[in-house]
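I have placed the structure first, in the form of structure tokens, so that the comments after it can refer back to it.
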Amino acid sequence: MEINLHRNDYLQVGVTSQKTMRLLPALGRKATQKVAVADNDGVITCFGMKKGEAIPVFKTLPGQKISRLELGGALGTPQEKIFIAAGSEVRGFTKKGKQFLSFEANLTESIKAMYASCLYGLCVFCSYVFSV
């Protein structure tokens with residue numbers, strides 16, 4: 001028995017880090033499923049799939065290397081806000097690409113992980129520091 005596999009390229013992005021790709025929730029029966037990808041060049045690319053084609057939703061300008069991408073939102077609503085960590089800076093984007101949040105965390109080391117929640121706010125984790 002032999003299996004034939006084929007490769008399909010839908011989109012090309014730069015080199016990525018771990019945990020920098022998330023699937024955004026589809027909000028309706030006919031809604032397009034969206035994917036957000038962040039790369040080491042500081043670019044966030046969001047695209048949707050429709051009829052086997054990648055439809056670009058938004059793409060940001062290059063910046064500092066993005067180390068983490070998480071989804072968040074208000075309690076009881078879909079987690080559709082995009083939060084990224086680049087160095088010790090945190091930025092937030094809507095599902096359409098509008099930046100609504102940007103702040104410097106005043107940490108001496110870069111952010112390794114983060115968690116966005118309505119109850120706890122935005123928690124950021126570094127190698128030796130934890131901040132809420």
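Chain labels run A, B, ... following the order of the structure tokens; each chain numbers its residues from 1, and ligands are numbered from 1 in the order shown.
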**Message:** I want to know what sits within 10 Å of Leu27 in chain A, based on only C-alpha atoms, with residues of the same chain fewer than 6 positions away left out; could you give that as a PyMOL selection string?
**Reply:** chain A and resi 33+78+80
**Message:** One number please: CA of Val124 in chain A to CA of Ile111 in chain A, in Å, one decimal.
**Reply:** 6.5 Å
Counting only C-alpha atoms, what are the residues of range 8-32 of chain A within 7 Å of range 52-70 of chain A, and for each of them which pair of atoms is the nearest and at what distance in Å, to one decimal? Sort the table by chain and rising number, as a Markdown table.
| residue | atom | partner | partner_atom | distance |
| --- | --- | --- | --- | --- |
| A:Tyr10 | CA | A:Ala54 | CA | 5.8 |
| A:Leu11 | CA | A:Ala54 | CA | 6.9 |
| A:Ser17 | CA | A:Ser67 | CA | 6.2 |
| A:Lys19 | CA | A:Arg68 | CA | 5.9 |
| A:Thr20 | CA | A:Leu69 | CA | 4.7 |
| A:Met21 | CA | A:Leu69 | CA | 6.6 |
**Prompt:** If we count only C-alpha atoms, what is near Leu107 in chain A at a cut-off of 9 Å, once residues fewer than 3 positions away on the same chain are taken out, given as a PyMOL selection string?
**Reply:** chain A and resi 88-89+104+110-111+126+129
**Asked** For the atom pair CA of Lys95 in chain A and CA of Gln18 in chain A, what is the interatomic distance in Å to one decimal place?
**Response** 21.0 Å
**Request:** Write out as a ChimeraX atom specification all residues of chain A that backbone DSSP assigns to strand (DSSP E or B).
**Result:** /A:21-24,34-38,44-50,53-59,68-72,81-86,89-93,99-104,113-117,121-125,130-131
